Amino acid sequence: MEHGPDRHRAADRLLRASLRHSAVPGTAILFLSTAGAAAGLALPAALGRTLDLLLAGRPATTWLTLCAALTCLLVLLDALDGVLTATTNARSTAWFRRRLLRHVLAAGPRTTDRNPPGDVVARLVGNAAHAGGAPAALAGTVAAVVTPVGGLVALALVDPWTAGAFLVGMPLLVLLLKAFVRESGDSVARYQERQGEIAARLVEAVGGARTIAAAGTARREQARILEPLAGLSAQGYRMWRVQGRSTAQAAVIVPLLQIAVLAVAGIRLAAGELSVGGLLAAARYAALATGIGMLVGRLNGLVRSRGAARRLAALLAVPATAHGGTPLPPGDGTLELRGITVARGDRTILDGLDLTVPGGTSLALVGRSGSGKSTLAAVAGRLADPDAGTVTLDGVPLCELPHDVLRRAVGQAFERPALLGGTIGGTIAFGLDEPDPSTVREAARAACADSFVRRLPHGYDTPCAEAPLSGGEAQRLGLARAFAHPGRLLILDDATSSLDTVTELRVGGALTRGGSGVGTRLIIAHRASTAARADRVAWLHEGRIRAVGPHARLWRQLAEYRAVFAETDTETDTDTDACTDAGGTGQARHDG
């Protein structure tokens with residue numbers, strides 16, 4: 001649950017920023033709505049005057065024309081207000097989504113560390129749309145107040161006694177609106193949170209569809225996804241109960257107020273203090289003044305917008321990665337980690353870790369599952385910042401480097417690469433600087449991907465969605481992307497785990513020999529063969545570096561080191577397509 005004064009203030013600041021962004025159309029909506037309210041307030045007076053003239057047998061053509069003109073004006077203003085409101089809502093929603101998407105991408109993995117991906121999507125899509133309605137809803141609400149206030153003032157001008165009768169019941173309407181805002185605000189916030197939970201579970205299930213099918217747990221997974229549905233339903237019913245109760249109470253109070261005004265007006269008419277036209281005007285103004293009960297719908301829109309803004313503010317509260325302005329001096333790509341500590345909750349993953357990777361060398365990082373290898377790789381490439389300690393590249397802390405300098409200097413490849421860029425060639429070229437086609441093909445050959453890419457229907461121009469790729473083929477495209485953007489440091493986070501033995505041998509040989517065009521290589525290794533090809537091996541154990549040295553020496557001297565590979569070096573290859581084979585018939589998928 002995301003509550004508290006700080007979150008509320010952050011949400012209000014976000015809404016104020018959206019109001020400033022939509023100031024011009026919001027002002028136009030306010031003008032149109034206010035003009036419509038003014039025309040609506042003028043109409044009863046014109047009708048009353050027309051009736052008095054007609055009853056007196058006097059000409060009323062001018063007043064009849066005025067009544068018709070006011071009616072036409074109301075229709076026109078209402079139509080313009082509807083068009084402008086829809087346009088403003090769309091543009092404001094787009095502003096929220098652009099701002100949030102920019103921040104989410106700037107924050108990087110931190111966002112999904114704190115919020116499940118499905119929940120993030122729900123906020124960017126549904127909650128942004130609700131918050132985007134705030135500028136138009138606020139302008140409409142302010143204008144909506146003009147009608148009841150103006151109706152009350154006009155009622156007092158027609159006859160003060162009728163206004164007095166209305167004011168007697170006014171506190172009841174005020175209490176009604178106050179209770180509605182308080183109760184609906186909490187129910188809307190809880191409703192939106194339940195929506196986010198369902199979206200998060202659904203995205204997890206879609207990502208793990210093969211696992212669910214293989215386990216035969218579709219019904220159980222369906223029950224898990226829909227588990228928050230009961231809470232969602234309860235909050236939905238609660239919202240409708242609050243709105244229904246408020247509407248019902250208004251439906252009782254409003255007619256009573258109108259009857260009271262009409263009774264007083266009738267007495268005044270019998271006493272000769274009010275004309276028939278005045279009675280008609282009083283009745284109409286009483287109806288307009290009691291329109292404050294209709295503010296329930298307007299306030300409901302504002303409550304939804306504010307509740308959505310709180311959830312959006314929670315995303316913006318995730319700190320974006322800050323970058324410095326220090327230039328990177330010439331160097332060989334020496335990587336140093338000093339005193340690195342990373343904790344997740346009560347668990348310390350890396351504990352005061354020290355490690356140096358000399359420039360131009362390859363280092364294999366090994367350790368048991370869960371020892372923190374991927375966390376160290378993320379810190380070394382600044383996809384995450386440590387809680388304590390410093391990471392430097394050629395003597396410059398990574399946090400002091402400009403964004404573009406850092407991303408050009410450090411390349412990374414992952415276990416399950418995302419195929420971005422539209423086409424296979426675009427995936428390999430994807431990055432700050434787009435290499436030429438010859439460089440793309442050379443990188444693909446280094447990653448043993450060129451042979452199967454050329455056999456695709458359109459070669460390197462094949463759309464990713466139309467390319468049936470195995471897990472190993474997808475990994476080779478990820479490696480090719482890293483090779484196409486050579487920098488001083490290349491980090492491979494389990495990026496060869498799906499390759500068959502022959503292909504892994506060839507790609508690994510290029511990596512450890514520096515044939516990929518990069519200098520320093522940090523390789524997360526699960527196979528003894530991969531560790532053996534590296535210049536040195538760092539053994540990660542319980543958050544610290546247990547030993548550093550050549551694989552052969554560590555293997556010969558340390559039984560515990562050999563035991564690390566007993567559970568990870570079993571060959572369970574999923575990619576049987578070697579460098580010279582076309583292969584590739586299975587679609588690569590990401591299972592959670």
# chains A, B, ... in the order shown; residues from 1 in each chain; ligands from 1

call {"tool": "residues_around", "arguments": {"residues": "segment 120-122 of chain A", "least_positions_apart": "4", "cutoff": "12 Å", "atoms": "only C-alpha atoms", "output": "PyMOL selection string"}}
result
chain A and resi 97+100-101+103-105+109-116+126-130+192-203+308+311-316+318

call {"tool": "write_last_selection", "arguments": {"atoms": "C-alpha atoms", "output": "PDB file, in the first residue's frame"}}
result
ATOM      1  CA  ARG A  97       3.246   8.525 -20.238  1.00  0.00           C
ATOM      2  CA  LEU A 100       7.002   8.258 -16.778  1.00  0.00           C
ATOM      3  CA  LEU A 101       8.524   6.202 -19.574  1.00  0.00           C
ATOM      4  CA  HIS A 103      12.026   8.127 -15.954  1.00  0.00           C
ATOM      5  CA  VAL A 104      11.481   4.363 -15.935  1.00  0.00           C
ATOM      6  CA  LEU A 105      14.120   3.902 -18.633  1.00  0.00           C
ATOM      7  CA  PRO A 109      16.486  -2.198 -13.479  1.00  0.00           C
ATOM      8  CA  ARG A 110      15.749  -0.348 -10.229  1.00  0.00           C
ATOM      9  CA  THR A 111      12.144   0.116 -11.357  1.00  0.00           C
ATOM     10  CA  THR A 112      11.380  -3.589 -11.726  1.00  0.00           C
ATOM     11  CA  ASP A 113      13.382  -4.383  -8.591  1.00  0.00           C
ATOM     12  CA  ARG A 114      10.774  -2.433  -6.619  1.00  0.00           C
ATOM     13  CA  ASN A 115       7.663  -3.029  -8.746  1.00  0.00           C
ATOM     14  CA  PRO A 116       6.690  -6.100 -10.818  1.00  0.00           C
ATOM     15  CA  GLY A 126      -4.387   2.716 -16.947  1.00  0.00           C
ATOM     16  CA  ASN A 127      -3.253   5.038 -14.165  1.00  0.00           C
ATOM     17  CA  ALA A 128      -1.712   7.524 -16.607  1.00  0.00           C
ATOM     18  CA  ALA A 129      -5.063   7.743 -18.414  1.00  0.00           C
ATOM     19  CA  HIS A 130      -6.900   8.469 -15.149  1.00  0.00           C
ATOM     20  CA  GLN A 192      -6.095   0.720  -8.473  1.00  0.00           C
ATOM     21  CA  GLU A 193      -3.619  -1.241  -6.344  1.00  0.00           C
ATOM     22  CA  ARG A 194      -5.592  -4.466  -6.854  1.00  0.00           C
ATOM     23  CA  GLN A 195      -5.573  -3.798 -10.619  1.00  0.00           C
ATOM     24  CA  GLY A 196      -1.784  -3.498 -10.512  1.00  0.00           C
ATOM     25  CA  GLU A 197      -1.448  -6.797  -8.623  1.00  0.00           C
ATOM     26  CA  ILE A 198      -3.516  -8.673 -11.215  1.00  0.00           C
ATOM     27  CA  ALA A 199      -1.510  -7.120 -14.073  1.00  0.00           C
ATOM     28  CA  ALA A 200       1.786  -8.094 -12.419  1.00  0.00           C
ATOM     29  CA  ARG A 201       0.702 -11.716 -11.968  1.00  0.00           C
ATOM     30  CA  LEU A 202      -0.601 -11.899 -15.516  1.00  0.00           C
ATOM     31  CA  VAL A 203       2.701 -10.706 -17.004  1.00  0.00           C
ATOM     32  CA  ALA A 308      -3.794   7.456 -10.005  1.00  0.00           C
ATOM     33  CA  ARG A 311       0.693   5.471  -8.011  1.00  0.00           C
ATOM     34  CA  LEU A 312       2.528   7.371 -10.746  1.00  0.00           C
ATOM     35  CA  ALA A 313       4.429   9.380  -8.135  1.00  0.00           C
ATOM     36  CA  ALA A 314       5.626   6.080  -6.642  1.00  0.00           C
ATOM     37  CA  LEU A 315       7.327   5.255  -9.951  1.00  0.00           C
ATOM     38  CA  LEU A 316       8.886   8.698 -10.149  1.00  0.00           C
ATOM     39  CA  VAL A 318      12.516   5.480  -7.850  1.00  0.00           C
TER      40      VAL A 318
END

call {"tool": "residues_around", "arguments": {"residues": "segment 272-286 of chain A", "least_positions_apart": "4", "cutoff": "12 Å", "atoms": "only C-alpha atoms", "output": "MDAnalysis selection string"}}
result
chainID A and resid 37 40:56 147:167 169:170 254:268 290:292

call {"tool": "select_by_dssp", "arguments": {"residues": "segment 291-326 of chain A", "states": "alpha helix (DSSP H)", "output": "PyMOL selection string"}}
result
chain A and resi 295-316

call {"tool": "write_last_selection", "arguments": {"atoms": "all heavy atoms", "output": "compact mmCIF listing (two decimals), in the first residue's frame"}}
result
# COMPACT_ATOMS: atom_id res chain seq x y z
N LEU A 295 -22.12 17.82 -8.40
CA LEU A 295 -20.67 17.86 -8.28
C LEU A 295 -20.09 16.51 -7.87
O LEU A 295 -18.89 16.29 -7.98
CB LEU A 295 -20.26 18.91 -7.24
CG LEU A 295 -20.32 20.37 -7.69
CD1 LEU A 295 -20.04 21.28 -6.51
CD2 LEU A 295 -19.34 20.63 -8.81
N VAL A 296 -20.95 15.60 -7.41
CA VAL A 296 -20.48 14.27 -7.03
C VAL A 296 -19.74 13.60 -8.19
O VAL A 296 -18.66 13.04 -8.03
CB VAL A 296 -21.66 13.40 -6.56
CG1 VAL A 296 -21.25 11.94 -6.43
CG2 VAL A 296 -22.22 13.92 -5.24
N GLY A 297 -20.33 13.67 -9.39
CA GLY A 297 -19.68 13.07 -10.56
C GLY A 297 -18.36 13.74 -10.90
O GLY A 297 -17.37 13.07 -11.20
N ARG A 298 -18.34 15.08 -10.84
CA ARG A 298 -17.10 15.81 -11.14
C ARG A 298 -16.03 15.47 -10.11
O ARG A 298 -14.86 15.22 -10.45
CB ARG A 298 -17.38 17.31 -11.11
CG ARG A 298 -18.31 17.79 -12.20
CD ARG A 298 -17.59 17.89 -13.53
NE ARG A 298 -18.38 18.56 -14.54
CZ ARG A 298 -17.95 18.82 -15.76
NH1 ARG A 298 -16.75 18.43 -16.13
NH2 ARG A 298 -18.72 19.45 -16.63
N LEU A 299 -16.41 15.44 -8.84
CA LEU A 299 -15.44 15.15 -7.79
C LEU A 299 -14.94 13.72 -7.89
O LEU A 299 -13.78 13.43 -7.58
CB LEU A 299 -16.08 15.38 -6.42
CG LEU A 299 -16.34 16.84 -6.04
CD1 LEU A 299 -17.09 16.92 -4.72
CD2 LEU A 299 -15.04 17.62 -5.95
N ASN A 300 -15.79 12.82 -8.36
CA ASN A 300 -15.37 11.43 -8.54
C ASN A 300 -14.23 11.34 -9.55
O ASN A 300 -13.27 10.59 -9.36
CB ASN A 300 -16.56 10.59 -9.00
CG ASN A 300 -16.23 9.11 -9.02
OD1 ASN A 300 -15.61 8.60 -8.09
ND2 ASN A 300 -16.64 8.42 -10.06
N GLY A 301 -14.30 12.13 -10.63
CA GLY A 301 -13.22 12.15 -11.60
C GLY A 301 -11.92 12.68 -11.01
O GLY A 301 -10.85 12.15 -11.26
N LEU A 302 -12.03 13.72 -10.18
CA LEU A 302 -10.83 14.28 -9.55
C LEU A 302 -10.24 13.30 -8.55
O LEU A 302 -9.01 13.18 -8.43
CB LEU A 302 -11.19 15.59 -8.83
CG LEU A 302 -11.41 16.80 -9.73
CD1 LEU A 302 -11.82 18.00 -8.90
CD2 LEU A 302 -10.15 17.13 -10.54
N VAL A 303 -11.08 12.59 -7.81
CA VAL A 303 -10.59 11.61 -6.85
C VAL A 303 -9.84 10.50 -7.57
O VAL A 303 -8.76 10.05 -7.13
CB VAL A 303 -11.77 11.04 -6.03
CG1 VAL A 303 -11.33 9.81 -5.25
CG2 VAL A 303 -12.30 12.10 -5.07
N ARG A 304 -10.37 10.02 -8.69
CA ARG A 304 -9.68 8.98 -9.47
C ARG A 304 -8.33 9.50 -9.98
O ARG A 304 -7.33 8.78 -9.97
CB ARG A 304 -10.55 8.54 -10.65
CG ARG A 304 -11.72 7.65 -10.26
CD ARG A 304 -12.55 7.29 -11.50
NE ARG A 304 -13.64 6.40 -11.16
CZ ARG A 304 -13.55 5.08 -11.15
NH1 ARG A 304 -12.40 4.51 -11.47
NH2 ARG A 304 -14.57 4.33 -10.83
N SER A 305 -8.32 10.74 -10.46
CA SER A 305 -7.07 11.31 -10.97
C SER A 305 -6.03 11.41 -9.87
O SER A 305 -4.85 11.09 -10.07
CB SER A 305 -7.33 12.69 -11.56
OG SER A 305 -8.16 12.61 -12.70
N ARG A 306 -6.44 11.82 -8.68
CA ARG A 306 -5.48 11.97 -7.58
C ARG A 306 -4.99 10.61 -7.11
O ARG A 306 -3.79 10.45 -6.81
CB ARG A 306 -6.14 12.72 -6.41
CG ARG A 306 -5.13 13.20 -5.36
CD ARG A 306 -5.74 14.21 -4.43
NE ARG A 306 -4.73 14.77 -3.53
CZ ARG A 306 -4.74 14.57 -2.21
NH1 ARG A 306 -5.70 13.86 -1.66
NH2 ARG A 306 -3.79 15.10 -1.45
N GLY A 307 -5.89 9.62 -7.05
CA GLY A 307 -5.46 8.28 -6.69
C GLY A 307 -4.47 7.71 -7.68
O GLY A 307 -3.46 7.09 -7.30
N ALA A 308 -4.72 7.92 -8.97
CA ALA A 308 -3.79 7.46 -10.00
C ALA A 308 -2.46 8.19 -9.91
O ALA A 308 -1.39 7.59 -10.09
CB ALA A 308 -4.41 7.66 -11.38
N ALA A 309 -2.51 9.48 -9.62
CA ALA A 309 -1.27 10.27 -9.51
C ALA A 309 -0.39 9.76 -8.38
O ALA A 309 0.85 9.82 -8.46
CB ALA A 309 -1.60 11.74 -9.30
N ARG A 310 -0.98 9.25 -7.32
CA ARG A 310 -0.18 8.69 -6.23
C ARG A 310 0.61 7.49 -6.70
O ARG A 310 1.78 7.31 -6.33
CB ARG A 310 -1.09 8.29 -5.06
CG ARG A 310 -1.73 9.46 -4.34
CD ARG A 310 -2.72 8.97 -3.30
NE ARG A 310 -3.53 10.07 -2.77
CZ ARG A 310 -4.60 9.91 -2.02
NH1 ARG A 310 -5.00 8.69 -1.70
NH2 ARG A 310 -5.27 10.94 -1.57
N ARG A 311 -0.02 6.64 -7.50
CA ARG A 311 0.69 5.47 -8.01
C ARG A 311 1.77 5.86 -9.02
O ARG A 311 2.82 5.23 -9.09
CB ARG A 311 -0.31 4.50 -8.63
CG ARG A 311 -1.14 3.78 -7.57
CD ARG A 311 -2.23 2.90 -8.16
NE ARG A 311 -1.78 1.96 -9.16
CZ ARG A 311 -1.11 0.83 -8.91
NH1 ARG A 311 -0.80 0.52 -7.66
NH2 ARG A 311 -0.75 0.02 -9.90
N LEU A 312 1.51 6.89 -9.81
CA LEU A 312 2.53 7.37 -10.75
C LEU A 312 3.69 8.01 -9.99
O LEU A 312 4.86 7.86 -10.37
CB LEU A 312 1.91 8.37 -11.72
CG LEU A 312 0.75 7.86 -12.58
CD1 LEU A 312 0.30 8.94 -13.54
CD2 LEU A 312 1.14 6.60 -13.34
N ALA A 313 3.37 8.74 -8.93
CA ALA A 313 4.43 9.38 -8.13
C ALA A 313 5.35 8.33 -7.51
O ALA A 313 6.54 8.59 -7.31
CB ALA A 313 3.81 10.26 -7.06
N ALA A 314 4.79 7.14 -7.20
CA ALA A 314 5.63 6.08 -6.64
C ALA A 314 6.68 5.63 -7.64
O ALA A 314 7.81 5.31 -7.27
CB ALA A 314 4.75 4.89 -6.23
N LEU A 315 6.33 5.59 -8.93
CA LEU A 315 7.33 5.25 -9.95
C LEU A 315 8.39 6.34 -10.07
O LEU A 315 9.58 6.06 -10.20
CB LEU A 315 6.65 5.05 -11.31
CG LEU A 315 5.92 3.73 -11.56
CD1 LEU A 315 5.42 3.69 -13.00
CD2 LEU A 315 6.80 2.54 -11.27
N LEU A 316 7.93 7.59 -10.04
CA LEU A 316 8.89 8.70 -10.15
C LEU A 316 9.78 8.81 -8.93
O LEU A 316 10.83 9.46 -8.98
CB LEU A 316 8.12 10.01 -10.36
CG LEU A 316 7.36 10.13 -11.68
CD1 LEU A 316 6.54 11.42 -11.71
CD2 LEU A 316 8.32 10.09 -12.86

call {"tool": "closest_residue", "arguments": {"among": "A:Ser369, A:Ala467, A:Ala552, A:Arg455", "to": "Leu540 of chain A", "atoms": "only C-alpha atoms"}}
result
A:Ser369

call {"tool": "closest_residue", "arguments": {"among": "A:Leu73, A:Leu84, A:Val125, A:Ala563", "to": "Arg98 of chain A", "atoms": "only C-alpha atoms"}}
result
A:Val125

call {"tool": "closest_residue", "arguments": {"among": "A:Thr211, A:Thr87, A:Thr530, A:Thr520", "to": "Val502 of chain A", "atoms": "only C-alpha atoms"}}
result
A:Thr530

call {"tool": "residues_around", "arguments": {"residues": "Gly132 of chain A", "least_positions_apart": "2", "cutoff": "8 Å", "atoms": "only C-alpha atoms", "output": "ChimeraX atom specification"}}
result
/A:18,89-96,128-130,134-135,305

call {"tool": "closest_residue", "arguments": {"among": "A:Ala213, A:Ala223, A:Ala317, A:Ile491", "to": "Ala377 of chain A", "atoms": "only C-alpha atoms"}}
result
A:Ile491

call {"tool": "atom_distance", "arguments": {"atom1": "atom CA of Ala465 of chain A", "atom2": "atom CA of Glu221 of chain A"}}
result
27.0 Å

call {"tool": "atom_distance", "arguments": {"atom1": "atom CA of Ile524 of chain A", "atom2": "atom CA of Pro319 of chain A"}}
result
27.7 Å

call {"tool": "decode", "arguments": {"residues": "segment 121-181 of chain A", "atoms": "C-alpha atoms", "output": "compact mmCIF listing (two decimals), in the first residue's frame"}}
result
# COMPACT_ATOMS: atom_id res chain seq x y z
CA VAL A 121 2.69 -1.44 -17.26
CA ALA A 122 -0.64 -0.99 -15.45
CA ARG A 123 0.55 2.35 -14.08
CA LEU A 124 1.87 3.54 -17.43
CA VAL A 125 -1.34 2.59 -19.23
CA GLY A 126 -4.39 2.72 -16.95
CA ASN A 127 -3.25 5.04 -14.17
CA ALA A 128 -1.71 7.52 -16.61
CA ALA A 129 -5.06 7.74 -18.41
CA HIS A 130 -6.90 8.47 -15.15
CA ALA A 131 -4.35 11.07 -14.09
CA GLY A 132 -4.44 12.60 -17.57
CA GLY A 133 -8.06 13.59 -17.02
CA ALA A 134 -7.13 15.86 -14.12
CA PRO A 135 -6.67 19.19 -16.00
CA ALA A 136 -10.02 18.95 -17.79
CA ALA A 137 -11.77 17.55 -14.69
CA LEU A 138 -10.48 20.40 -12.53
CA ALA A 139 -11.52 23.04 -15.05
CA GLY A 140 -14.93 21.42 -15.36
CA THR A 141 -15.33 21.21 -11.57
CA VAL A 142 -14.42 24.86 -11.05
CA ALA A 143 -16.90 25.85 -13.74
CA ALA A 144 -19.50 23.50 -12.25
CA VAL A 145 -19.34 25.47 -9.00
CA VAL A 146 -20.32 28.61 -10.91
CA THR A 147 -23.78 27.21 -11.69
CA PRO A 148 -24.99 26.52 -8.12
CA VAL A 149 -23.31 29.62 -6.67
CA GLY A 150 -24.65 31.78 -9.49
CA GLY A 151 -28.08 30.16 -9.10
CA LEU A 152 -28.10 31.01 -5.40
CA VAL A 153 -27.06 34.61 -6.07
CA ALA A 154 -29.71 34.95 -8.80
CA LEU A 155 -32.28 33.42 -6.45
CA ALA A 156 -31.46 36.07 -3.88
CA LEU A 157 -31.86 38.79 -6.51
CA VAL A 158 -35.26 37.41 -7.55
CA ASP A 159 -36.43 37.22 -3.94
CA PRO A 160 -34.23 37.11 -0.78
CA TRP A 161 -36.77 34.99 1.10
CA THR A 162 -36.50 32.13 -1.40
CA ALA A 163 -32.71 32.24 -1.10
CA GLY A 164 -33.05 32.10 2.68
CA ALA A 165 -35.18 28.96 2.42
CA PHE A 166 -32.50 27.35 0.25
CA LEU A 167 -29.66 28.25 2.63
CA VAL A 168 -31.36 26.42 5.49
CA GLY A 169 -30.65 23.08 3.80
CA MET A 170 -27.25 24.03 2.34
CA PRO A 171 -25.11 22.52 5.18
CA LEU A 172 -26.53 19.07 4.39
CA LEU A 173 -25.21 19.24 0.82
CA VAL A 174 -21.78 20.39 2.02
CA LEU A 175 -21.54 17.47 4.47
CA LEU A 176 -22.62 15.10 1.70
CA LEU A 177 -19.82 16.23 -0.63
CA LYS A 178 -17.20 16.12 2.13
CA ALA A 179 -18.11 12.54 3.07
CA PHE A 180 -18.05 11.48 -0.58
CA VAL A 181 -14.54 12.80 -1.23
